[in-house]
Amino acid sequence: RPSRRLLPGRVPRSVLRAHLPVTPLPPWRPGPLLLAGDLEPPGQRVAEVLGSLAGLLSLTWRPLATQPRAPGRPLTGASALGTRKGSVTAATVAEVIKLLQSKYHYKEEAEIICDKVQVKLSKECFHPYNICITDLRTSHWEEAIQETKGGAANRKLAEECYFLWKSTRLQHMTLAEDVKAMLTELQKEVRLLLLTNGDRQTQREKIEACACQSYFDAVVVGGEQREEKPAPSIFYYCCILLGVQPGDCVMVGDTLETDIQGGLNAGLKATVWINKNGIVPLKSSPVPHYIVSSVLELPALLQSIDRKVSMSA
């Protein structure tokens, strides 16, 4: 079993204070250990399930006790909870447009309002100590309605739009069957941890809607911690939860700036970037150790890396 002692220079355990209940881990299973975030299914489906949830998967590999640990290429994991981002957004917006047009007799203004809200969401800056997420997002709708229709602010209508938007989005969030199957198989060999940035209430609601918690040994939400990705401290905390050293973990995620940079900042064994759209990153972007186009490539990738590590041991 990997040591719980952090590597020299790492943040001591006393500094990493948890602010959330964590499901007790099952007995140790030898083999790889996976620390996971948004699991990204194939095709057009992306990790919109947890919204701003930046996914990460970290994997730890433990060699046989009789073998010295061999240097070499790090192991990888993958990321993403799955639903169709486009379909979720479209279905959610369609319901709000229907409400505005049928009940309040808006015409083209309904689509304009929804477009404005989407822009506000994309620029959203949330701090839990300043305002609750419900008030913030209701304000987005209130501002969009007033900007489009003019006149006095209509908080009641804004609340109606927001709660319809929220409930519709949660209803459409599901974990893809192929991803469920993959996680079930991985759980036989590795431990999985879901790590996400974002507001506590919002992310917990999404996790519950997806019914994904049973596929992970632990769940960590950035909004419940002192720092979020890419700060090293939240990665160290995850390592402590799973009883491993940072150098034994592999980070997998779909966002270079938080997932990959965070894994690099924490000195993890390796980082894997889910690049489903074949995006060409900027020269200044963090450089992952591995790149895959789908989380479903993970099992084969892990087997390949495991063979390489065994051969070099």
# chains A, B, ... in the order shown; residues from 1 in each chain; ligands from 1

call {"tool": "residues_around", "arguments": {"residues": "range 156-166 of chain A", "least_positions_apart": "4", "cutoff": "6 Å", "atoms": "only C-alpha atoms", "output": "VMD selection string"}}
result
chain A and resid 92 138 141 to 142

call {"tool": "residues_around", "arguments": {"residues": "Gly222 in chain A", "least_positions_apart": "3", "cutoff": "6 Å", "atoms": "only C-alpha atoms", "output": "list in words"}}
result
Thr196, Asn197, Gly198, Gln225 and Glu228 of chain A

call {"tool": "residues_around", "arguments": {"residues": "Phe216 in chain A", "least_positions_apart": "5", "cutoff": "7 Å", "atoms": "only C-alpha atoms", "output": "PyMOL selection string"}}
result
chain A and resi 192-194

call {"tool": "residues_around", "arguments": {"residues": "Arg200 in chain A", "least_positions_apart": "6", "cutoff": "7 Å", "atoms": "only C-alpha atoms", "output": "MDAnalysis selection string"}}
result
chainID A and resid 221 223:224

call {"tool": "closest_atom_pairs", "arguments": {"of": "range 146-185 of chain A", "to": "range 285-307 of chain A", "cutoff": "10 Å", "atoms": "only C-alpha atoms", "output": "tab-separated table"}}
result
residue	atom	partner	partner_atom	distance
A:Asp178	CA	A:Leu296	CA	7.9
A:Val179	CA	A:Leu296	CA	7.0
A:Ala181	CA	A:Leu296	CA	9.9
A:Met182	CA	A:Leu296	CA	7.2
A:Leu183	CA	A:Pro299	CA	9.5
A:Glu185	CA	A:Pro299	CA	8.9

call {"tool": "write_last_selection", "arguments": {"atoms": "N, CA, C and O atoms", "output": "mmCIF file, in the first residue's frame"}}
result
data_model
loop_
_atom_site.group_PDB
_atom_site.id
_atom_site.type_symbol
_atom_site.label_atom_id
_atom_site.label_comp_id
_atom_site.auth_asym_id
_atom_site.auth_seq_id
_atom_site.Cartn_x
_atom_site.Cartn_y
_atom_site.Cartn_z
ATOM 1 N N ASP A 178 -21.879 3.645 -21.610
ATOM 2 C CA ASP A 178 -20.537 3.113 -21.878
ATOM 3 C C ASP A 178 -19.528 3.597 -20.840
ATOM 4 O O ASP A 178 -18.590 2.884 -20.488
ATOM 5 N N VAL A 179 -19.744 4.789 -20.321
ATOM 6 C CA VAL A 179 -18.861 5.298 -19.276
ATOM 7 C C VAL A 179 -19.121 4.551 -17.966
ATOM 8 O O VAL A 179 -18.189 4.219 -17.232
ATOM 9 N N ALA A 181 -20.083 1.495 -17.671
ATOM 10 C CA ALA A 181 -19.466 0.181 -17.822
ATOM 11 C C ALA A 181 -17.960 0.258 -17.626
ATOM 12 O O ALA A 181 -17.353 -0.606 -16.970
ATOM 13 N N MET A 182 -17.358 1.294 -18.177
ATOM 14 C CA MET A 182 -15.917 1.461 -18.030
ATOM 15 C C MET A 182 -15.524 1.673 -16.571
ATOM 16 O O MET A 182 -14.580 1.070 -16.064
ATOM 17 N N LEU A 183 -16.273 2.533 -15.879
ATOM 18 C CA LEU A 183 -15.972 2.811 -14.475
ATOM 19 C C LEU A 183 -16.157 1.566 -13.616
ATOM 20 O O LEU A 183 -15.380 1.306 -12.693
ATOM 21 N N GLU A 185 -15.710 -1.495 -14.472
ATOM 22 C CA GLU A 185 -14.551 -2.363 -14.671
ATOM 23 C C GLU A 185 -13.311 -1.791 -13.998
ATOM 24 O O GLU A 185 -12.529 -2.528 -13.380
#

call {"tool": "atom_distance", "arguments": {"atom1": "CA of Val219 in chain A", "atom2": "CA of Leu195 in chain A"}}
result
6.0 Å

call {"tool": "atom_distance", "arguments": {"atom1": "CA of Ala94 in chain A", "atom2": "CA of Asn277 in chain A"}}
result
25.5 Å

call {"tool": "atom_distance", "arguments": {"atom1": "CA of Val117 in chain A", "atom2": "CA of Glu143 in chain A"}}
result
8.5 Å

call {"tool": "select_by_dssp", "arguments": {"residues": "range 104-188 of chain A", "states": "alpha helix (DSSP H)", "output": "count of residues only"}}
result
58

call {"tool": "residues_around", "arguments": {"residues": "Gln171 in chain A", "least_positions_apart": "4", "cutoff": "12 Å", "atoms": "only C-alpha atoms", "output": "list in words"}}
result
Val49, Thr83, Ser87, Val88, Thr89, Ala91, Thr92, Leu164, Trp165, Lys166, Ser167, Leu175, Glu205, Lys206, Ile207, Glu208, Ala209, Cys210 and Ala211 of chain A

call {"tool": "residues_around", "arguments": {"residues": "range 105-114 of chain A", "least_positions_apart": "6", "cutoff": "6 Å", "atoms": "only C-alpha atoms", "output": "PyMOL selection string"}}
result
chain A and resi 97+144-145

call {"tool": "closest_residue", "arguments": {"among": "A:Ser214, A:Thr168, A:Asp254, A:Pro230", "to": "Glu95 in chain A", "atoms": "only C-alpha atoms"}}
result
A:Thr168

call {"tool": "select_by_dssp", "arguments": {"residues": "range 110-300 of chain A", "states": "strand (DSSP E or B)", "output": "VMD selection string"}}
result
chain A and resid 193 to 196 218 to 221 250 to 253 270 to 274 290 to 292

call {"tool": "write_last_selection", "arguments": {"atoms": "C-alpha atoms", "output": "tab-separated table (two decimals), in the first residue's frame"}}
result
chain	number	residue	atom	x	y	z
A	193	LEU	CA	-11.98	10.04	-6.97
A	194	LEU	CA	-14.08	12.77	-8.53
A	195	LEU	CA	-12.62	16.25	-8.21
A	196	THR	CA	-14.48	19.29	-9.47
A	218	ALA	CA	-14.61	9.83	-2.87
A	219	VAL	CA	-15.86	13.15	-4.21
A	220	VAL	CA	-14.16	16.51	-3.63
A	221	VAL	CA	-15.81	19.80	-4.62
A	250	VAL	CA	-1.89	10.74	-12.75
A	251	MET	CA	-4.14	13.68	-13.46
A	252	VAL	CA	-6.68	13.45	-16.28
A	253	GLY	CA	-8.89	16.33	-17.32
A	270	ALA	CA	1.63	12.49	-15.09
A	271	THR	CA	-1.17	14.46	-16.71
A	272	VAL	CA	-3.59	13.41	-19.45
A	273	TRP	CA	-5.61	15.88	-21.47
A	274	ILE	CA	-8.98	14.91	-22.98
A	290	TYR	CA	-0.54	12.37	-22.74
A	291	ILE	CA	-3.44	13.40	-24.98
A	292	VAL	CA	-6.52	11.29	-25.73
